[in-house]
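These notes are about the structure you will find just below.
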Amino acid sequence: MSTKNTKLFFAAGETIMQQGDEGTSAYIIEEGRVEIVLERPDGRKVNVGTRGEGSIVGEMAIVDDSPRVASVIAVEDCKMLEITKEDFSKRLDSTDPIIQMISQVILTRYRDMLKRAKILGAEQQYPPPEALEKRISHHSDAVEAVRISNELGKALENDDLEVHYQPLIDLKSGEIKGAEALLRWTHDELGFISPGLFIPIAETTGQITDVTRWVLDKASHGLEKIKAAMGVNEDLYISINFSSYDFARTDFVEHLLKTIDECHLNTSEIVLEITERVLIQQPDQAKIVLEACHNRGIRIALDDFGTGYSSLSYLHYFPIDILKVDQSFVQNIEEDKRTFELVKSIIGLGKNMELEVIAEGVETEAQARKLIEAECDSVQGYFFAKPMAEADFISTLENWSSPLK
Ligand code: C2E
Ligand code: CA
Ligand code: CA
């Protein structure tokens with residue numbers, strides 16, 4: 001995340017912040033020294049300390065909405081770095097919800113402690129700590145995220161998750177050529193929890209790497225069972241979603257190959273699905289990992305293609321084998337001629353680069369026909385089949401006939 005810190009200069013004797021004022025920034029002292037002066041309720045001014053290079057002042061105001069608790073005055077000429085409340089909030093929002101909550105609670109209690117010690121005035125300009133803590137704990141997103149993350153930890157331990165399989169269909173033959181593994185979680189009390197909700201939480205808490213390993217293990221053993229039930233089908237593959245945090249594990253490739261080997265699969269039977277967001281986060285690391293996989297015959301699919309950070313340079317820089325055209329394009333392919341032209345161009349581009357193109361989210365026959373017209377290779381979507389449990393996937397494979405025929 002970019003930080004726009006403004007460099008500031010204060011001459012000796014200048015007031016950097018005034019007690020009681022609304023605070024919108026904290027400052028890191030880059031050079032110089034400041035003193036902290038507290039005006040007590042009886043009007044007496046007390047020097048409560050000095051701070052030098054590398055210290056931070058004014059931090060309370062950026063964590064909660066209360067006024068400055070003391071004045072800060074430059075003792076020497078000072079160079080400061082500003083951390084705005086807005087910037088801090090953005091950083092806080094993107095951290096683990098437990099860190100968010102604890103940092104706010106610590107501060108609230110600290111203010112309360114100062115008040116009890118009669119250093120701060122007891123006047124009501126500061127929200128009472130109980131009220132503030134209540135407000136924090138009612139900050140439902142954070143609390144919800146903590147709850148989900150705790151429950152997810154238990155679910156992983158107790159194997160309470162499930163992998164579902166959504167068929168990927170070859171448009172020419174109408175046959176199922178593979179499936180995307182999609183995580184399903186039905187909690188005893190909370191009911192169905194969408195991966196769209198808990199996967200981003202697992203990414204902020206770091207649980208995602210355990211989640212991925214769990215899915216990889218289940219889906220690989222799943223494919224082994226599916227193949228055994230069907231008689232060996234050389235071409236059937238499983239496409240698994242990965243996040244950038246997975247690539248940070250030094251044993252990523254080794255573990256992946258070990259799993260493939262344990263399940264008696266070929267490397268061609270596993271596809272790694274990654275989004276552009278994954279590539280942008282750690283591009284060099286991602287490139288090394290993806291190349292190691294690609295060189296061993298594991299294919300790489302670029303998911304949600306056309307959304308977010310789309311840049312054609314990715315296709316050139318990373319060893320991509322498959323493009324998955326995002327469902328937002330497919331949705332509008334019938335009504336909007338420009339969308340249809342765009343999808344056709346993406347498919348053409350894919351073909352020129354010898355990539356396979358899969359269209360996601362195909363919900364109607366009309367959309368499927370448009371995709372055939374655009375010479376799309378494969379499709380995935382409710383019109384053909386929804387994600388389903390392993391046993392249902394096996395019977396779908398056994399009884400498959402394309403709805404297009
Ligand atoms: P995604 O990777 O883009 O997965 C495709 C999503 O589209 C799935 O949602 C799938 O159920 C849904 N879908 C498939 N066909 C249709 C259709 O015709 N119409 C519509 N409207 N939707 C369709 P799901 O299973 O809710 O997953 C949401 C997202 O959660 C996934 O998007 C993926 O980003 C993430 N996710 C799911 N499972 C995993 C996992 O095991 N690991 C990771 N890292 N992410 C996962
Ligand atoms: Ca996907
Ligand atoms: Ca997708």
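Each chain of the structure tokens is named A, B, ... in the order shown, its residues numbered from 1; ligands are numbered from 1 in display order.
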
Sort by chain and increasing residue number a table of all residues of chain A within 6 Å of ligand 3, each with its closest pair of atoms and their distance in Å to one decimal, counting only C-alpha atoms and all ligand atoms, and write it as a Markdown table.
```
| residue | atom | partner | partner_atom_place_in_ligand_line | distance |
| --- | --- | --- | --- | --- |
| A:Asp303 | CA | ligand 3 | 1 (Ca) | 4.9 |
| A:Asp304 | CA | ligand 3 | 1 (Ca) | 4.2 |
| A:Asp326 | CA | ligand 3 | 1 (Ca) | 5.7 |
```

Protein and nucleic acid residues within 7 Å of ligand 1 (only C-alpha atoms and all ligand atoms) as an NGL selection string: :A and (181-183 or 194-196 or 199 or 208 or 211-212 or 215 or 240-243 or 303-304 or 360-363 or 380-383 or 386-387)

Excluding Val69 (chain A) and residues on its chain fewer than 2 positions from it, collect all residues at most 7 Å away from it, counting only C-alpha atoms, and give them as a CSV table (one decimal) with all heavy atoms, in the first residue's frame.
```
chain,number,residue,atom,x,y,z
A,19,GLN,N,-2.9,20.6,23.0
A,19,GLN,CA,-3.8,19.8,23.8
A,19,GLN,C,-5.3,20.2,23.6
A,19,GLN,O,-5.6,21.4,23.5
A,19,GLN,CB,-3.5,20.0,25.3
A,19,GLN,CG,-4.3,19.2,26.2
A,19,GLN,CD,-3.8,19.3,27.7
A,19,GLN,OE1,-2.7,19.6,27.9
A,19,GLN,NE2,-4.7,18.9,28.6
A,20,GLY,N,-6.2,19.3,23.4
A,20,GLY,CA,-7.6,19.6,23.2
A,20,GLY,C,-8.0,19.8,21.8
A,20,GLY,O,-9.2,19.6,21.5
A,67,PRO,N,-9.7,14.1,21.2
A,67,PRO,CA,-8.8,15.2,21.0
A,67,PRO,C,-7.4,14.9,21.6
A,67,PRO,O,-7.2,13.9,22.3
A,67,PRO,CB,-9.5,16.3,21.8
A,67,PRO,CG,-10.6,15.8,22.5
A,67,PRO,CD,-10.8,14.3,22.2
```

Could you pull out the strand (DSSP E or B) residues of region 203-358 of chain A, going by DSSP on the backbone, and write them as an mmCIF file with N, CA, C and O atoms, in the first residue's frame?
```
data_model
loop_
_atom_site.group_PDB
_atom_site.id
_atom_site.type_symbol
_atom_site.label_atom_id
_atom_site.label_comp_id
_atom_site.auth_asym_id
_atom_site.auth_seq_id
_atom_site.Cartn_x
_atom_site.Cartn_y
_atom_site.Cartn_z
ATOM 1 N N TYR A 237 -8.758 -33.520 -15.288
ATOM 2 C CA TYR A 237 -7.880 -32.782 -14.377
ATOM 3 C C TYR A 237 -8.685 -32.003 -13.350
ATOM 4 O O TYR A 237 -9.869 -31.760 -13.522
ATOM 5 N N ILE A 238 -7.979 -31.619 -12.269
ATOM 6 C CA ILE A 238 -8.594 -30.808 -11.219
ATOM 7 C C ILE A 238 -7.866 -29.472 -11.176
ATOM 8 O O ILE A 238 -6.635 -29.415 -11.182
ATOM 9 N N SER A 239 -8.652 -28.428 -11.159
ATOM 10 C CA SER A 239 -8.125 -27.075 -11.132
ATOM 11 C C SER A 239 -8.319 -26.533 -9.718
ATOM 12 O O SER A 239 -9.435 -26.548 -9.202
ATOM 13 N N ILE A 240 -7.224 -26.104 -9.081
ATOM 14 C CA ILE A 240 -7.281 -25.694 -7.667
ATOM 15 C C ILE A 240 -6.880 -24.216 -7.535
ATOM 16 O O ILE A 240 -5.953 -23.761 -8.208
ATOM 17 N N ASN A 241 -7.593 -23.498 -6.679
ATOM 18 C CA ASN A 241 -7.314 -22.059 -6.477
ATOM 19 C C ASN A 241 -6.166 -21.851 -5.483
ATOM 20 O O ASN A 241 -6.160 -22.449 -4.404
ATOM 21 N N ILE A 270 -3.181 -31.735 -12.653
ATOM 22 C CA ILE A 270 -3.412 -30.642 -11.699
ATOM 23 C C ILE A 270 -3.188 -29.307 -12.409
ATOM 24 O O ILE A 270 -2.193 -29.118 -13.106
ATOM 25 N N VAL A 271 -4.143 -28.404 -12.231
ATOM 26 C CA VAL A 271 -4.004 -27.034 -12.757
ATOM 27 C C VAL A 271 -4.010 -26.080 -11.568
ATOM 28 O O VAL A 271 -4.805 -26.247 -10.636
ATOM 29 N N LEU A 272 -3.100 -25.122 -11.575
ATOM 30 C CA LEU A 272 -3.095 -24.102 -10.522
ATOM 31 C C LEU A 272 -3.885 -22.902 -11.022
ATOM 32 O O LEU A 272 -3.537 -22.337 -12.056
ATOM 33 N N GLU A 273 -4.938 -22.526 -10.303
ATOM 34 C CA GLU A 273 -5.692 -21.319 -10.684
ATOM 35 C C GLU A 273 -5.218 -20.156 -9.835
ATOM 36 O O GLU A 273 -5.229 -20.231 -8.609
ATOM 37 N N ILE A 274 -4.837 -19.112 -10.504
ATOM 38 C CA ILE A 274 -4.392 -17.924 -9.775
ATOM 39 C C ILE A 274 -5.038 -16.707 -10.421
ATOM 40 O O ILE A 274 -5.367 -16.727 -11.606
ATOM 41 N N THR A 275 -5.210 -15.663 -9.632
ATOM 42 C CA THR A 275 -5.773 -14.431 -10.207
ATOM 43 C C THR A 275 -4.631 -13.455 -10.479
ATOM 44 O O THR A 275 -3.514 -13.643 -9.986
ATOM 45 N N ARG A 299 -0.123 -27.309 -15.201
ATOM 46 C CA ARG A 299 -0.559 -26.126 -15.955
ATOM 47 C C ARG A 299 -1.044 -25.001 -15.034
ATOM 48 O O ARG A 299 -1.459 -25.255 -13.900
ATOM 49 N N ILE A 300 -0.978 -23.786 -15.573
ATOM 50 C CA ILE A 300 -1.346 -22.595 -14.801
ATOM 51 C C ILE A 300 -2.509 -21.899 -15.510
ATOM 52 O O ILE A 300 -2.412 -21.605 -16.714
ATOM 53 N N ALA A 301 -3.585 -21.652 -14.756
ATOM 54 C CA ALA A 301 -4.730 -20.935 -15.321
ATOM 55 C C ALA A 301 -4.823 -19.546 -14.700
ATOM 56 O O ALA A 301 -4.694 -19.392 -13.484
ATOM 57 N N LEU A 302 -5.012 -18.551 -15.539
ATOM 58 C CA LEU A 302 -5.196 -17.183 -15.035
ATOM 59 C C LEU A 302 -6.695 -16.949 -14.885
ATOM 60 O O LEU A 302 -7.434 -16.899 -15.872
ATOM 61 N N ASP A 303 -7.117 -16.845 -13.611
ATOM 62 C CA ASP A 303 -8.539 -16.793 -13.249
ATOM 63 C C ASP A 303 -9.079 -15.365 -13.362
ATOM 64 O O ASP A 303 -8.308 -14.405 -13.290
ATOM 65 N N ASP A 304 -10.392 -15.236 -13.504
ATOM 66 C CA ASP A 304 -11.066 -13.926 -13.513
ATOM 67 C C ASP A 304 -10.428 -12.986 -14.529
ATOM 68 O O ASP A 304 -10.318 -11.779 -14.289
ATOM 69 N N PHE A 305 -9.983 -13.527 -15.649
ATOM 70 C CA PHE A 305 -9.249 -12.708 -16.616
ATOM 71 C C PHE A 305 -10.138 -11.568 -17.118
ATOM 72 O O PHE A 305 -11.302 -11.756 -17.440
ATOM 73 N N ILE A 322 -3.661 -21.374 -19.474
ATOM 74 C CA ILE A 322 -5.115 -21.299 -19.632
ATOM 75 C C ILE A 322 -5.604 -19.916 -19.207
ATOM 76 O O ILE A 322 -5.136 -19.375 -18.200
ATOM 77 N N LEU A 323 -6.541 -19.356 -19.970
ATOM 78 C CA LEU A 323 -7.180 -18.096 -19.566
ATOM 79 C C LEU A 323 -8.608 -18.398 -19.174
ATOM 80 O O LEU A 323 -9.340 -19.031 -19.930
ATOM 81 N N LYS A 324 -9.008 -17.931 -18.000
ATOM 82 C CA LYS A 324 -10.411 -18.088 -17.612
ATOM 83 C C LYS A 324 -11.073 -16.718 -17.698
ATOM 84 O O LYS A 324 -10.793 -15.826 -16.887
ATOM 85 N N VAL A 325 -11.920 -16.570 -18.700
ATOM 86 C CA VAL A 325 -12.579 -15.276 -18.933
ATOM 87 C C VAL A 325 -13.622 -15.067 -17.844
ATOM 88 O O VAL A 325 -14.482 -15.925 -17.610
ATOM 89 N N GLU A 356 -5.309 -22.136 -23.764
ATOM 90 C CA GLU A 356 -6.686 -22.618 -23.794
ATOM 91 C C GLU A 356 -7.556 -21.535 -23.151
ATOM 92 O O GLU A 356 -7.151 -20.919 -22.168
ATOM 93 N N VAL A 357 -8.732 -21.294 -23.715
ATOM 94 C CA VAL A 357 -9.609 -20.280 -23.112
ATOM 95 C C VAL A 357 -10.868 -20.947 -22.553
ATOM 96 O O VAL A 357 -11.559 -21.686 -23.258
ATOM 97 N N ILE A 358 -11.126 -20.671 -21.276
ATOM 98 C CA ILE A 358 -12.334 -21.190 -20.619
ATOM 99 C C ILE A 358 -13.210 -19.997 -20.245
ATOM 100 O O ILE A 358 -12.723 -19.034 -19.654
#
```

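Atom pair CA of Ser378 (chain A) / CA of Ile346 (chain A): separated by 13.4 Å.
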